[in-house]
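So this one's coords-v6.cif, mmCIF, C-alpha atoms:
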```cif
data_input
#
loop_
_atom_site.label_atom_id
_atom_site.label_comp_id
_atom_site.auth_asym_id
_atom_site.auth_seq_id
_atom_site.Cartn_x
_atom_site.Cartn_y
_atom_site.Cartn_z
CA MET Z 93 -12.57 -12.82 31.14
CA ARG Z 94 -16.34 -13.15 31.06
CA ASN Z 95 -18.69 -13.23 28.15
CA LEU Z 96 -21.52 -10.78 28.73
CA PRO Z 97 -24.21 -11.57 26.16
CA LEU Z 98 -26.36 -8.82 24.68
CA ASN Z 99 -30.07 -9.57 24.53
CA LEU Z 100 -31.42 -6.55 22.72
CA PHE Z 101 -34.99 -5.82 21.73
CA ASP Z 102 -35.76 -5.45 18.05
CA GLU Z 103 -36.24 -1.69 18.31
CA GLU Z 104 -32.89 -1.33 20.07
CA LYS Z 105 -31.23 -3.25 17.24
CA ARG Z 106 -32.95 -1.02 14.67
CA LEU Z 107 -31.59 2.09 16.37
CA ILE Z 108 -28.02 0.79 16.53
CA TRP Z 109 -28.19 -0.39 12.93
CA ARG Z 110 -29.40 3.03 11.83
CA LEU Z 111 -26.41 4.65 13.51
CA ARG Z 112 -24.05 2.12 11.93
CA THR Z 113 -25.38 2.64 8.43
CA HIS Z 114 -26.01 6.39 8.50
CA GLY Z 115 -23.51 7.68 11.04
CA PRO Z 116 -24.22 9.96 14.02
CA GLN Z 117 -27.78 11.27 14.18
CA SER Z 118 -29.88 13.36 16.52
CA ARG Z 119 -32.75 11.86 18.47
CA SER Z 120 -35.29 13.72 16.36
CA ASP Z 121 -33.72 12.44 13.13
CA LEU Z 122 -33.75 8.91 14.51
CA ALA Z 123 -37.42 9.22 15.48
CA MET Z 124 -38.29 10.33 11.96
CA ALA Z 125 -36.17 7.65 10.26
CA LEU Z 126 -37.45 4.81 12.46
CA GLN Z 127 -41.02 6.18 12.46
CA VAL Z 128 -41.41 6.16 16.22
CA SER Z 129 -42.16 8.91 18.71
CA ASN Z 130 -39.57 11.17 20.26
CA ALA Z 131 -40.48 9.71 23.64
CA ALA Z 132 -39.76 6.20 22.36
CA ILE Z 133 -36.36 7.28 21.03
CA THR Z 134 -35.56 8.90 24.37
CA LYS Z 135 -36.39 5.66 26.18
CA LEU Z 136 -34.45 3.50 23.71
CA SER Z 137 -31.39 5.72 23.74
CA ARG Z 138 -31.36 5.86 27.54
CA SER Z 139 -31.42 2.06 27.70
CA LEU Z 140 -28.63 1.66 25.12
CA MET Z 141 -26.49 4.33 26.77
CA SER Z 142 -26.80 2.49 30.09
CA LEU Z 143 -25.32 -0.55 28.32
CA SER Z 144 -22.52 1.63 26.87
CA LEU Z 145 -23.59 0.66 23.34
CA ILE Z 146 -24.24 4.21 22.14
CA GLN Z 147 -23.01 7.60 23.31
CA GLU Z 148 -23.54 11.29 22.74
CA LEU Z 149 -21.09 13.25 20.64
CA ASP Z 150 -19.99 16.74 21.56
CA PRO Z 151 -22.87 19.13 20.85
CA GLU Z 152 -22.67 21.19 17.71
CA GLU Z 153 -22.11 24.85 18.28
CA ALA Z 154 -25.42 26.46 19.06
CA ARG Z 155 -26.70 28.68 16.29
CA GLY Z 156 -29.37 31.05 17.40
CA ARG Z 157 -31.69 30.19 20.23
CA GLY Z 158 -32.64 26.80 21.55
CA ARG Z 159 -30.81 23.76 22.74
CA PRO Z 160 -28.02 22.57 20.39
CA THR Z 161 -28.37 19.22 18.65
CA VAL Z 162 -26.62 16.34 20.41
CA PRO Z 163 -25.95 13.50 17.93
CA LEU Z 164 -25.85 9.88 19.06
CA THR Z 165 -23.32 7.38 17.75
CA VAL Z 166 -22.25 3.78 18.33
CA ALA Z 167 -19.91 3.61 21.33
CA PRO Z 168 -16.58 1.77 21.18
CA THR Z 169 -16.97 1.01 24.90
CA GLY Z 170 -19.86 -1.37 24.18
CA GLY Z 171 -17.48 -4.32 24.14
CA TYR Z 172 -14.86 -6.07 22.08
CA SER Z 173 -14.38 -9.31 20.17
CA LEU Z 174 -11.55 -11.38 18.77
CA GLY Z 175 -11.16 -12.50 15.17
CA VAL Z 176 -8.94 -15.40 14.18
CA THR Z 177 -7.69 -16.68 10.84
CA MET Z 178 -5.53 -19.78 10.46
CA HIS Z 179 -3.05 -19.92 7.59
CA THR Z 180 -0.35 -22.41 6.76
CA GLY Z 181 2.42 -21.55 9.23
CA THR Z 182 0.77 -18.44 10.68
CA ILE Z 183 -2.15 -17.37 12.86
CA GLU Z 184 -3.74 -13.97 12.34
CA LEU Z 185 -5.49 -12.24 15.25
CA ALA Z 186 -7.57 -9.07 15.35
CA LEU Z 187 -9.34 -7.32 18.22
CA VAL Z 188 -12.11 -4.84 17.39
CA ASN Z 189 -14.32 -2.69 19.60
CA TYR Z 190 -18.08 -2.38 19.41
CA ALA Z 191 -17.90 0.60 17.05
CA GLY Z 192 -15.78 -1.46 14.65
CA GLY Z 193 -12.48 0.21 15.50
CA THR Z 194 -9.38 -1.95 15.31
CA ILE Z 195 -7.73 -2.38 18.71
CA CYS Z 196 -4.90 -4.53 17.39
CA HIS Z 197 -3.99 -6.79 14.48
CA THR Z 198 -1.13 -9.28 14.57
CA VAL Z 199 0.23 -12.13 12.48
CA GLU Z 200 2.17 -14.78 14.38
CA ARG Z 201 4.23 -17.67 13.03
CA VAL Z 202 3.32 -21.13 14.32
CA GLU Z 203 4.06 -24.70 13.42
CA SER Z 204 1.27 -26.90 12.07
CA ILE Z 205 -1.31 -27.08 14.84
CA ASN Z 206 -4.40 -29.25 15.33
CA PRO Z 207 -7.78 -27.72 16.30
CA HIS Z 208 -7.54 -28.69 20.01
CA ASP Z 209 -4.09 -27.12 20.41
CA PHE Z 210 -5.31 -24.17 18.37
CA ALA Z 211 -8.14 -23.52 20.86
CA ARG Z 212 -5.67 -23.58 23.76
CA PHE Z 213 -3.36 -21.20 21.90
CA ILE Z 214 -6.20 -18.77 21.20
CA GLU Z 215 -7.36 -18.88 24.84
CA ARG Z 216 -3.89 -17.91 26.02
CA ARG Z 217 -3.38 -15.19 23.41
CA LEU Z 218 -6.81 -13.70 24.05
CA HIS Z 219 -6.00 -13.31 27.73
CA GLU Z 220 -2.60 -11.77 26.93
CA LEU Z 221 -4.09 -9.31 24.45
CA ALA Z 222 -6.84 -8.35 26.89
CA VAL Z 223 -4.19 -7.58 29.51
CA ASP Z 224 -1.97 -5.68 27.04
CA HIS Z 225 -4.86 -3.48 25.91
CA ARG Z 226 -6.49 -3.07 29.33
CA LEU Z 227 -9.68 -4.87 28.37
CA LEU Z 228 -10.09 -7.07 31.44
CA GLY Z 229 -13.52 -6.32 32.89
CA SER Z 230 -14.86 -5.04 29.56
CA ARG Z 231 -17.69 -6.83 27.77
CA LEU Z 232 -16.28 -9.69 25.69
CA LEU Z 233 -18.78 -10.52 22.96
CA GLY Z 234 -17.09 -13.68 21.71
CA VAL Z 235 -14.66 -15.05 19.16
CA GLY Z 236 -15.10 -15.13 15.40
CA MET Z 237 -13.09 -17.43 13.20
CA SER Z 238 -12.70 -17.34 9.43
CA VAL Z 239 -12.19 -20.75 7.86
CA PRO Z 240 -10.34 -21.41 4.58
CA GLY Z 241 -12.95 -23.63 2.96
CA PRO Z 242 -16.73 -24.13 2.62
CA ALA Z 243 -19.05 -25.46 5.31
CA LEU Z 244 -20.10 -29.11 5.28
CA SER Z 245 -22.94 -28.86 7.79
CA LYS Z 246 -25.81 -26.42 8.17
CA ASP Z 247 -24.95 -25.73 11.81
CA GLY Z 248 -21.47 -24.53 10.81
CA ASN Z 249 -19.76 -27.26 12.82
CA ARG Z 250 -17.91 -29.15 10.07
CA TRP Z 251 -15.85 -27.54 7.32
CA ASN Z 252 -13.98 -28.60 4.20
CA VAL Z 253 -10.76 -26.94 5.36
CA VAL Z 254 -7.85 -26.71 2.90
CA ASP Z 255 -5.55 -29.72 2.90
CA THR Z 256 -2.56 -27.68 4.09
CA LEU Z 257 -4.13 -27.71 7.58
CA PRO Z 258 -4.13 -31.43 8.40
CA GLY Z 259 -6.58 -32.54 11.06
CA TRP Z 260 -9.02 -29.69 10.43
CA ARG Z 261 -11.23 -31.08 7.67
CA ASN Z 262 -14.64 -32.56 8.52
CA VAL Z 263 -14.19 -32.44 12.31
CA PRO Z 264 -16.65 -30.78 14.77
CA LEU Z 265 -14.67 -27.56 14.61
CA LYS Z 266 -17.21 -25.28 16.26
CA ASP Z 267 -17.70 -27.71 19.16
CA ILE Z 268 -13.93 -27.95 19.66
CA MET Z 269 -13.51 -24.16 19.71
CA THR Z 270 -16.53 -23.50 21.92
CA GLU Z 271 -15.48 -26.09 24.49
CA GLY Z 272 -11.81 -25.10 24.38
CA LEU Z 273 -12.48 -21.38 24.81
CA ASN Z 274 -15.63 -21.57 26.96
CA LEU Z 275 -16.95 -18.64 24.95
CA PRO Z 276 -19.47 -18.10 22.16
CA VAL Z 277 -17.78 -18.83 18.84
CA TRP Z 278 -18.84 -17.88 15.31
CA LEU Z 279 -17.30 -19.66 12.31
CA GLU Z 280 -17.52 -18.33 8.77
CA ASN Z 281 -15.85 -18.92 5.42
CA ASP Z 282 -12.88 -16.58 4.96
CA ALA Z 283 -14.32 -14.84 1.89
CA THR Z 284 -17.66 -14.22 3.62
CA ALA Z 285 -15.85 -12.87 6.68
CA SER Z 286 -13.82 -10.61 4.39
CA ALA Z 287 -17.04 -9.30 2.84
CA LEU Z 288 -18.30 -8.37 6.32
CA ALA Z 289 -15.07 -6.48 7.01
CA GLU Z 290 -15.35 -4.60 3.73
CA TYR Z 291 -18.94 -3.72 4.49
CA TYR Z 292 -18.30 -2.41 8.00
CA LEU Z 293 -14.76 -1.07 7.70
CA GLY Z 294 -14.20 -0.60 3.98
CA GLY Z 295 -16.81 2.11 3.45
CA LEU Z 296 -19.45 -0.03 1.70
CA ILE Z 297 -22.02 0.25 4.49
CA GLU Z 298 -22.39 3.95 3.70
CA CYS Z 299 -22.98 3.59 -0.04
CA CYS Z 300 -24.82 0.35 -0.82
CA SER Z 301 -26.98 -2.41 0.60
CA SER Z 302 -25.59 -5.22 -1.57
CA ALA Z 303 -21.99 -6.01 -2.42
CA VAL Z 304 -19.73 -8.82 -3.65
CA LEU Z 305 -16.20 -9.41 -2.38
CA ILE Z 306 -13.88 -11.71 -4.33
CA LEU Z 307 -11.00 -13.05 -2.23
CA LEU Z 308 -7.85 -14.44 -3.83
CA GLY Z 309 -5.94 -16.42 -1.25
CA HIS Z 310 -5.10 -20.10 -0.96
CA GLY Z 311 -8.13 -20.59 -3.18
CA VAL Z 312 -10.63 -18.23 -4.75
CA GLY Z 313 -13.92 -17.45 -3.06
CA ALA Z 314 -16.58 -14.79 -2.80
CA GLY Z 315 -18.57 -13.20 -0.02
CA VAL Z 316 -21.97 -11.69 -0.71
CA ILE Z 317 -23.84 -8.99 1.20
CA SER Z 318 -27.50 -8.94 0.16
CA ASP Z 319 -29.87 -6.34 1.62
CA ARG Z 320 -27.33 -5.68 4.39
CA ARG Z 321 -27.17 -9.35 5.40
CA LEU Z 322 -24.54 -12.00 4.86
CA LEU Z 323 -25.78 -14.34 2.14
CA ARG Z 324 -24.81 -17.81 3.36
CA GLY Z 325 -26.90 -20.27 1.36
CA GLU Z 326 -28.42 -23.50 2.59
CA VAL Z 327 -25.26 -24.90 4.21
CA GLY Z 328 -23.08 -21.78 4.24
CA GLY Z 329 -21.60 -22.40 0.79
CA ALA Z 330 -22.82 -19.27 -1.02
CA GLY Z 331 -19.98 -17.65 -2.93
CA GLU Z 332 -17.98 -20.86 -3.29
CA ILE Z 333 -16.75 -19.83 -6.75
CA GLY Z 334 -13.60 -21.94 -6.45
CA MET Z 335 -15.55 -24.74 -8.11
CA LEU Z 336 -15.45 -22.68 -11.31
CA TYR Z 337 -11.67 -23.10 -11.35
CA PRO Z 338 -10.78 -26.77 -10.83
CA LYS Z 339 -7.14 -27.61 -10.26
CA GLY Z 340 -5.35 -28.47 -13.46
CA PRO Z 341 -2.80 -27.28 -16.03
CA ALA Z 342 -4.80 -24.09 -16.74
CA GLY Z 343 -4.01 -22.77 -13.25
CA ARG Z 344 -6.30 -20.84 -10.92
CA PRO Z 345 -6.55 -17.09 -10.13
CA THR Z 346 -5.16 -17.44 -6.60
CA THR Z 347 -2.27 -16.16 -4.53
CA VAL Z 348 -0.83 -19.66 -4.26
CA ASP Z 349 -1.05 -20.08 -8.04
CA LEU Z 350 0.83 -16.83 -8.72
CA ILE Z 351 3.64 -17.87 -6.38
CA ALA Z 352 3.81 -21.29 -8.06
CA THR Z 353 3.87 -19.63 -11.49
CA LEU Z 354 6.77 -17.41 -10.45
CA GLN Z 355 8.66 -20.35 -8.97
CA ALA Z 356 8.21 -22.32 -12.20
CA ALA Z 357 9.78 -19.38 -14.06
CA GLY Z 358 12.84 -19.48 -11.78
CA CYS Z 359 11.86 -16.86 -9.21
CA SER Z 360 13.15 -17.47 -5.67
CA VAL Z 361 9.92 -16.35 -4.00
CA SER Z 362 8.83 -18.82 -1.30
CA SER Z 363 5.85 -17.10 0.30
CA LEU Z 364 4.10 -13.76 0.67
CA ALA Z 365 6.65 -12.81 3.33
CA ASP Z 366 9.41 -12.40 0.71
CA PHE Z 367 7.19 -11.67 -2.29
CA GLU Z 368 8.00 -8.05 -3.06
CA GLY Z 369 11.72 -8.57 -2.47
CA SER Z 370 11.91 -11.52 -4.87
CA ILE Z 371 9.94 -10.52 -7.97
CA ALA Z 372 12.37 -8.06 -9.57
CA GLY Z 373 13.06 -9.25 -13.11
CA PHE Z 374 9.89 -11.34 -13.25
CA GLU Z 375 7.46 -8.53 -14.04
CA SER Z 376 6.57 -10.05 -17.42
CA VAL Z 377 5.60 -13.33 -15.69
CA ILE Z 378 3.26 -11.40 -13.40
CA GLU Z 379 1.75 -9.51 -16.34
CA CYS Z 380 0.98 -12.77 -18.16
CA TRP Z 381 -0.54 -14.23 -15.01
CA LEU Z 382 -2.71 -11.11 -14.59
CA ASP Z 383 -4.00 -11.43 -18.17
CA ARG Z 384 -4.99 -15.04 -17.52
CA ALA Z 385 -6.47 -14.32 -14.06
CA ALA Z 386 -8.59 -11.45 -15.39
CA ALA Z 387 -10.01 -13.66 -18.14
CA GLN Z 388 -10.83 -16.36 -15.58
CA LEU Z 389 -12.39 -13.99 -13.05
CA ALA Z 390 -14.58 -12.30 -15.68
CA VAL Z 391 -16.86 -15.35 -15.50
CA ALA Z 392 -17.40 -14.91 -11.76
CA VAL Z 393 -17.79 -11.14 -11.98
CA ASN Z 394 -20.35 -11.31 -14.77
CA SER Z 395 -22.26 -13.98 -12.83
CA ALA Z 396 -22.24 -11.78 -9.71
CA ILE Z 397 -23.68 -8.85 -11.64
CA ALA Z 398 -26.37 -11.02 -13.19
CA TRP Z 399 -27.41 -12.80 -9.97
CA PHE Z 400 -27.00 -10.15 -7.27
CA ASP Z 401 -27.09 -6.68 -8.89
CA PRO Z 402 -24.45 -5.52 -6.38
CA GLY Z 403 -23.81 -1.91 -5.50
CA ALA Z 404 -20.10 -2.70 -5.33
CA ILE Z 405 -17.69 -5.41 -6.44
CA ARG Z 406 -14.37 -5.49 -4.62
CA LEU Z 407 -11.20 -7.57 -4.87
CA ALA Z 408 -9.21 -8.57 -1.80
CA SER Z 409 -6.02 -10.56 -1.36
CA PRO Z 410 -2.86 -10.70 0.72
CA LEU Z 411 -1.03 -9.96 -2.55
CA PRO Z 412 0.45 -6.44 -2.83
CA SER Z 413 -2.13 -3.81 -3.68
CA PHE Z 414 -0.38 -2.75 -6.90
CA ILE Z 415 -0.90 -6.25 -8.32
CA MET Z 416 -4.55 -6.30 -7.30
CA GLN Z 417 -5.06 -2.86 -8.86
CA LYS Z 418 -3.62 -4.11 -12.16
CA LEU Z 419 -6.08 -7.01 -11.99
CA ALA Z 420 -9.01 -4.66 -11.32
CA ASP Z 421 -7.90 -2.41 -14.21
CA ARG Z 422 -7.93 -5.37 -16.58
CA LEU Z 423 -11.41 -6.41 -15.49
CA ASN Z 424 -12.74 -2.86 -15.80
CA ALA Z 425 -11.17 -2.47 -19.25
CA GLY Z 426 -13.34 -4.95 -21.09
CA PRO Z 427 -14.36 -8.41 -19.91
CA ILE Z 428 -17.39 -7.18 -17.94
CA VAL Z 429 -20.64 -7.74 -19.84
CA LEU Z 430 -23.54 -5.45 -19.01
CA GLY Z 431 -27.08 -5.58 -20.34
CA ASP Z 432 -28.50 -3.16 -22.87
CA HIS Z 433 -30.39 -1.43 -20.08
CA HIS Z 434 -27.18 -0.45 -18.27
CA ASP Z 435 -26.99 3.09 -19.63
CA ASP Z 436 -30.57 3.79 -18.53
CA ARG Z 437 -30.16 2.55 -14.94
CA GLU Z 438 -30.89 4.99 -12.15
CA ILE Z 439 -27.74 3.79 -10.37
CA ALA Z 440 -24.79 2.70 -12.49
CA ILE Z 441 -22.77 -0.36 -11.56
CA PRO Z 442 -19.51 1.07 -10.17
CA PRO Z 443 -16.13 -0.10 -11.43
CA ILE Z 444 -14.45 -2.98 -9.63
CA ASP Z 445 -12.16 -1.68 -6.91
CA VAL Z 446 -9.54 -3.07 -4.54
CA SER Z 447 -9.73 -3.51 -0.80
CA MET Z 448 -7.70 -1.12 1.33
CA LEU Z 449 -7.71 -3.66 4.17
CA GLY Z 450 -5.28 -5.91 2.33
CA GLY Z 451 -4.65 -9.32 3.83
CA ALA Z 452 -6.25 -8.30 7.14
CA SER Z 453 -9.83 -8.44 5.87
CA SER Z 454 -10.64 -12.03 6.86
CA ALA Z 455 -9.36 -11.65 10.45
CA LEU Z 456 -11.12 -8.30 10.88
CA GLY Z 457 -14.30 -9.74 9.41
CA ALA Z 458 -14.10 -12.68 11.80
CA ALA Z 459 -13.79 -10.25 14.70
CA LEU Z 460 -16.91 -8.45 13.51
CA LEU Z 461 -19.02 -11.63 13.48
CA PRO Z 462 -20.03 -11.43 17.19
CA ILE Z 463 -20.81 -7.72 16.84
CA HIS Z 464 -22.85 -8.25 13.69
CA ALA Z 465 -24.76 -11.06 15.41
CA SER Z 466 -25.63 -8.80 18.35
CA ILE Z 467 -27.74 -6.51 16.14
CA LEU Z 468 -28.96 -9.02 13.59
CA ARG Z 469 -32.72 -8.76 13.59
CA ASN Z 470 -35.04 -11.75 13.33
#
```
Target format C-alpha cells, applied to this file:
Amino acid sequence: MRNLPLNLFDEEKRLIWRLRTHGPQSRSDLAMALQVSNAAITKLSRSLMSLSLIQELDPEEARGRGRPTVPLTVAPTGGYSLGVTMHTGTIELALVNYAGGTICHTVERVESINPHDFARFIERRLHELAVDHRLLGSRLLGVGMSVPGPALSKDGNRWNVVDTLPGWRNVPLKDIMTEGLNLPVWLENDATASALAEYYLGGLIECCSSAVLILLGHGVGAGVISDRRLLRGEVGGAGEIGMLYPKGPAGRPTTVDLIATLQAAGCSVSSLADFEGSIAGFESVIECWLDRAAAQLAVAVNSAIAWFDPGAIRLASPLPSFIMQKLADRLNAGPIVLGDHHDDREIAIPPIDVSMLGGASSALGAALLPIHASILRN
C-alpha cells in the first residue's frame, strides 16, 4: 500500500467543497457560484477528473434543443482512508471512500494493548481490509484516529487518554502511529471526530454551517463545527465539556455512568454488548438517570447556544437510540433557555436531535479526517 498525497490548488479545493456542500452541480452553476469563468471551470474539472476526484453523473434527459446538462459530483474512486477508535477491550475500524461512503465498519475484541502493539495491529488489519475490499493500488489518503481524551500538546502528539487504556496517556502518540504505520496519521478527540462524521454523513453539511455534537461515551465531550471548520482551540481542547461534570457522588451524564447506576441497582448489565438484553425490569432506574442527565446537560447545551449560535445540536452515544431520544425529548421539553429575540430570528434554533450513526460516529469521523484535510483551504 502506498500513500499518494493530494496537493490541490486552492481553486480545486473550492470546487470540491462546493460539490460536497451543495451536491451535484453543472459546470455553469459552479462557475456562477465560484465566480469564475466557464473556461476556468472546464480546466479545473478536467484536472480533478484526471485525478479521479470528481466525475460526471448520467446526463439528465434532454428537454428541447441543446446539449443536456451533465452534473459533476465528488467521485468515490478518489481514494480511501481508515478510521480507528480504541475502546476498553475493543478496536473499531472504518474504511470510507473519497465521496464519504462507508466501505466497511467493524468492531473487534482485543486485550489491553499498548500504542506500539496497536500500530502493528492496525498496519496488519489495514492490509487485510484493503485486500478484502480490492483496494490495493487505490489512493490511500492516510489513517485517522479518534482519541478518548483531550490533547496535551498543540501539535496533537500527546493526549490525556482515559485511564482505562494504560500506557497511552502523555506519550508521543502521533509519532508512534506515524512511525509504526509509515503513513500520514491524523489524531483527533473522539467527540470532535464524531462531529465531523455528523457533518459529512449525518446530513448537517446540507443544512447548516455551524453545529455542536455532544458525545456521551466513557466521558462526556463535545465537537464543534464553526463556519464549516472543526473548532479545535489553542491546544485541541475545544469542546472539553467533561470538566463541567467532575467525578463524584452526583454522577456524570455518560454511558459508563448509566451502566454503573444500573449495576448499583442490581442489574446484571456488564457492558454495552449485553445492555439491551439486561435492562428489563430496570426501566424506572433508566428514567431517573435520564432526568438527572438532562438537567446536567442543559448547562452545556445552553452554553453552546450562547457561544456558538449553532444551526444544529445533536446527541451521539453508543447507547441504544431509544434512550438517547428520551434524553433529547427531555432537553427539548424545557431546560433550554433562549433569549427574548428568539421568536424574531430569521432562522430558528432547531430542536436537539439524535445521531443516526450511533456508536460508529467517532470511527467514521476519524476516517474522514484525511479526506477533510485534503480540501481544507488555507
What's around Val166 (chain Z) at 10 Å? Count only C-alpha atoms, leave out sequence neighbours fewer than 4 positions away in its own chain, and write the answer as a list of chain:residue names.
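The contact residues come out as Z:Leu107, Z:Ile108, Z:Trp109, Z:Arg110, Z:Leu111, Z:Arg112, Z:Gly115, Z:Pro116, Z:Leu140, Z:Met141, Z:Ser144, Z:Leu145, Z:Ile146, Z:Gln147, Z:Glu148, Z:Leu149, Z:Gly170, Z:Tyr190, Z:Ala191, Z:Gly192.
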What do you get, as a ChimeraX atom specification, if you spell out every residue that the PyMOL selection byres ((chain Z and resi 332) around 9) selects here?
/Z:241-242,283,312-315,329-331,333-336
If you count only C-alpha atoms, which residues fall within 12 Å of Gly309 (chain Z), apart from same-chain ones fewer than 6 positions away, as a ChimeraX atom specification?
/Z:179-180,239-241,254,282-283,286,334,344-351,363-364,407-412,416,450-454
Using all atoms listed in the file, the best pick from Z:Leu232, Z:Ala285, Z:Ala211, Z:Val391 as closest to Gly272 (chain Z) would be Z:Ala211
Given the file shown, enumerate the residues that the PyMOL selection byres ((chain Z and resi 123) around 12) captures and present them as a tab-separated table (two decimals) with C-alpha atoms, keeping the file's coordinate frame.
```tsv
chain	number	residue	atom	x	y	z
Z	103	GLU	CA	-36.24	-1.69	18.31
Z	106	ARG	CA	-32.95	-1.02	14.67
Z	107	LEU	CA	-31.59	2.09	16.37
Z	110	ARG	CA	-29.40	3.03	11.83
Z	117	GLN	CA	-27.78	11.27	14.18
Z	118	SER	CA	-29.88	13.36	16.52
Z	119	ARG	CA	-32.75	11.86	18.47
Z	120	SER	CA	-35.29	13.72	16.36
Z	121	ASP	CA	-33.72	12.44	13.13
Z	122	LEU	CA	-33.75	8.91	14.51
Z	124	MET	CA	-38.29	10.33	11.96
Z	125	ALA	CA	-36.17	7.65	10.26
Z	126	LEU	CA	-37.45	4.81	12.46
Z	127	GLN	CA	-41.02	6.18	12.46
Z	128	VAL	CA	-41.41	6.16	16.22
Z	129	SER	CA	-42.16	8.91	18.71
Z	130	ASN	CA	-39.57	11.17	20.26
Z	131	ALA	CA	-40.48	9.71	23.64
Z	132	ALA	CA	-39.76	6.20	22.36
Z	133	ILE	CA	-36.36	7.28	21.03
Z	134	THR	CA	-35.56	8.90	24.37
Z	135	LYS	CA	-36.39	5.66	26.18
Z	136	LEU	CA	-34.45	3.50	23.71
Z	137	SER	CA	-31.39	5.72	23.74
```
Which residues come within 10 Å of Lys246 (chain Z), counting only C-alpha atoms, excluding same-chain residues fewer than 2 positions away, as an NGL selection string?
:Z and (243-244 or 248-250 or 324-329)
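As for CA of Ala372 (chain Z) and CA of Lys418 (chain Z), they are spaced 16.7 Å apart.
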Any chance you could work out the residue set of the PyMOL selection byres ((chain Z and resi 278) around 7) here, as a list in words?
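Selection result, ordered by chain and number: Val235, Gly236, Met237, Pro276, Val277, Leu279, Glu280, Leu461 and Pro462 of chain Z.
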Counting all atoms listed in the file, which residue out of Z:Cys380, Z:Ile195, Z:Ile214, Z:Ala289 sits closest to Leu456 (chain Z)?
Z:Ala289
I'd like the interatomic distance between CA of Ala392 (chain Z) and CA of Val176 (chain Z), to a tenth of an Å.
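Separation of CA of Ala392 (chain Z) and CA of Val176 (chain Z): 27.3 Å.
Residues surrounding region 203-205 of chain Z within 12 Å are Met178, His179, Thr180, Gly181, Thr182, Ile183, Glu200, Arg201, Pro207, His208, Asp209, Phe210, Ala211, Arg212, Phe213, Ile214, Asp255, Thr256, Leu257, Pro258, Gly259 and Trp260 of chain Z [all atoms listed in the file; sequence separation below 2 positions excluded].
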For the residues in that selection, give me C-alpha atoms as a PDB file, in the frame of the given file.
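The resulting file, result.pdb, is reproduced below:
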```pdb
ATOM      1  CA  MET Z 178      -5.530 -19.780  10.460  1.00  0.00           C
ATOM      2  CA  HIS Z 179      -3.050 -19.920   7.590  1.00  0.00           C
ATOM      3  CA  THR Z 180      -0.350 -22.410   6.760  1.00  0.00           C
ATOM      4  CA  GLY Z 181       2.420 -21.550   9.230  1.00  0.00           C
ATOM      5  CA  THR Z 182       0.770 -18.440  10.680  1.00  0.00           C
ATOM      6  CA  ILE Z 183      -2.150 -17.370  12.860  1.00  0.00           C
ATOM      7  CA  GLU Z 200       2.170 -14.780  14.380  1.00  0.00           C
ATOM      8  CA  ARG Z 201       4.230 -17.670  13.030  1.00  0.00           C
ATOM      9  CA  PRO Z 207      -7.780 -27.720  16.300  1.00  0.00           C
ATOM     10  CA  HIS Z 208      -7.540 -28.690  20.010  1.00  0.00           C
ATOM     11  CA  ASP Z 209      -4.090 -27.120  20.410  1.00  0.00           C
ATOM     12  CA  PHE Z 210      -5.310 -24.170  18.370  1.00  0.00           C
ATOM     13  CA  ALA Z 211      -8.140 -23.520  20.860  1.00  0.00           C
ATOM     14  CA  ARG Z 212      -5.670 -23.580  23.760  1.00  0.00           C
ATOM     15  CA  PHE Z 213      -3.360 -21.200  21.900  1.00  0.00           C
ATOM     16  CA  ILE Z 214      -6.200 -18.770  21.200  1.00  0.00           C
ATOM     17  CA  ASP Z 255      -5.550 -29.720   2.900  1.00  0.00           C
ATOM     18  CA  THR Z 256      -2.560 -27.680   4.090  1.00  0.00           C
ATOM     19  CA  LEU Z 257      -4.130 -27.710   7.580  1.00  0.00           C
ATOM     20  CA  PRO Z 258      -4.130 -31.430   8.400  1.00  0.00           C
ATOM     21  CA  GLY Z 259      -6.580 -32.540  11.060  1.00  0.00           C
ATOM     22  CA  TRP Z 260      -9.020 -29.690  10.430  1.00  0.00           C
TER      23      TRP Z 260
END
```
Give the padded box for region 227-231 of chain Z as lines of an AutoDock Vina configuration file: axis-aligned, covering all atoms listed in the file, 8 Å on each side, centre and edge lengths in Å to one decimal.
```
center_x = -13.7
center_y = -6.0
center_z = 30.3
size_x = 24.0
size_y = 18.2
size_z = 21.1
```
Nearest residue to Ala459 (chain Z) from the set Z:Phe374, Z:Trp251, Z:Phe101, Z:Tyr292 (distances using all atoms listed in the file)
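That would be Z:Tyr292, the residue with the smallest distance to Ala459 (chain Z).
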Given all atoms listed in the file as the counted atoms, nearest of Z:Glu379, Z:Asp421, Z:Glu184, Z:Asp102 to Gly457 (chain Z):
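Nearest to Gly457 (chain Z): Z:Glu184.
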So the first atom is CA of Arg384 (chain Z) and the second is CA of Gln417 (chain Z); what is the distance between them in Å, to one decimal place?
14.9 Å
Which residues, written as a list in words, have at least one atom at most 9 Å from Ile371 (chain Z), with only C-alpha atoms counted and residues fewer than 6 positions away on the same chain left out?
Leu354, Cys359, Ser360, Val361 and Ile378 of chain Z
Working from the structure I just supplied, which lacks atoms in region 199-204 of chain Z, can you model N, CA and C atoms there and output them as a PDB file, in the coordinates of the input?
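That gives us out-v3.pdb:
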```pdb
ATOM      1  N   VAL Z 199       0.011 -10.867  13.179  1.00  0.00           N
ATOM      2  CA  VAL Z 199       0.230 -12.130  12.480  1.00  0.00           C
ATOM      3  C   VAL Z 199       1.400 -12.828  13.161  1.00  0.00           C
ATOM      4  N   GLU Z 200       1.172 -14.067  13.599  1.00  0.00           N
ATOM      5  CA  GLU Z 200       2.170 -14.780  14.380  1.00  0.00           C
ATOM      6  C   GLU Z 200       2.510 -16.110  13.712  1.00  0.00           C
ATOM      7  N   ARG Z 201       3.779 -16.411  13.633  1.00  0.00           N
ATOM      8  CA  ARG Z 201       4.230 -17.670  13.030  1.00  0.00           C
ATOM      9  C   ARG Z 201       4.024 -18.821  14.006  1.00  0.00           C
ATOM     10  N   VAL Z 202       3.496 -19.937  13.509  1.00  0.00           N
ATOM     11  CA  VAL Z 202       3.320 -21.130  14.320  1.00  0.00           C
ATOM     12  C   VAL Z 202       3.603 -22.360  13.461  1.00  0.00           C
ATOM     13  N   GLU Z 203       3.937 -23.434  14.116  1.00  0.00           N
ATOM     14  CA  GLU Z 203       4.060 -24.700  13.420  1.00  0.00           C
ATOM     15  C   GLU Z 203       2.645 -25.232  13.137  1.00  0.00           C
ATOM     16  N   SER Z 204       2.563 -26.278  12.338  1.00  0.00           N
ATOM     17  CA  SER Z 204       1.270 -26.900  12.070  1.00  0.00           C
ATOM     18  C   SER Z 204       0.615 -27.283  13.394  1.00  0.00           C
TER      19      SER Z 204
END
```
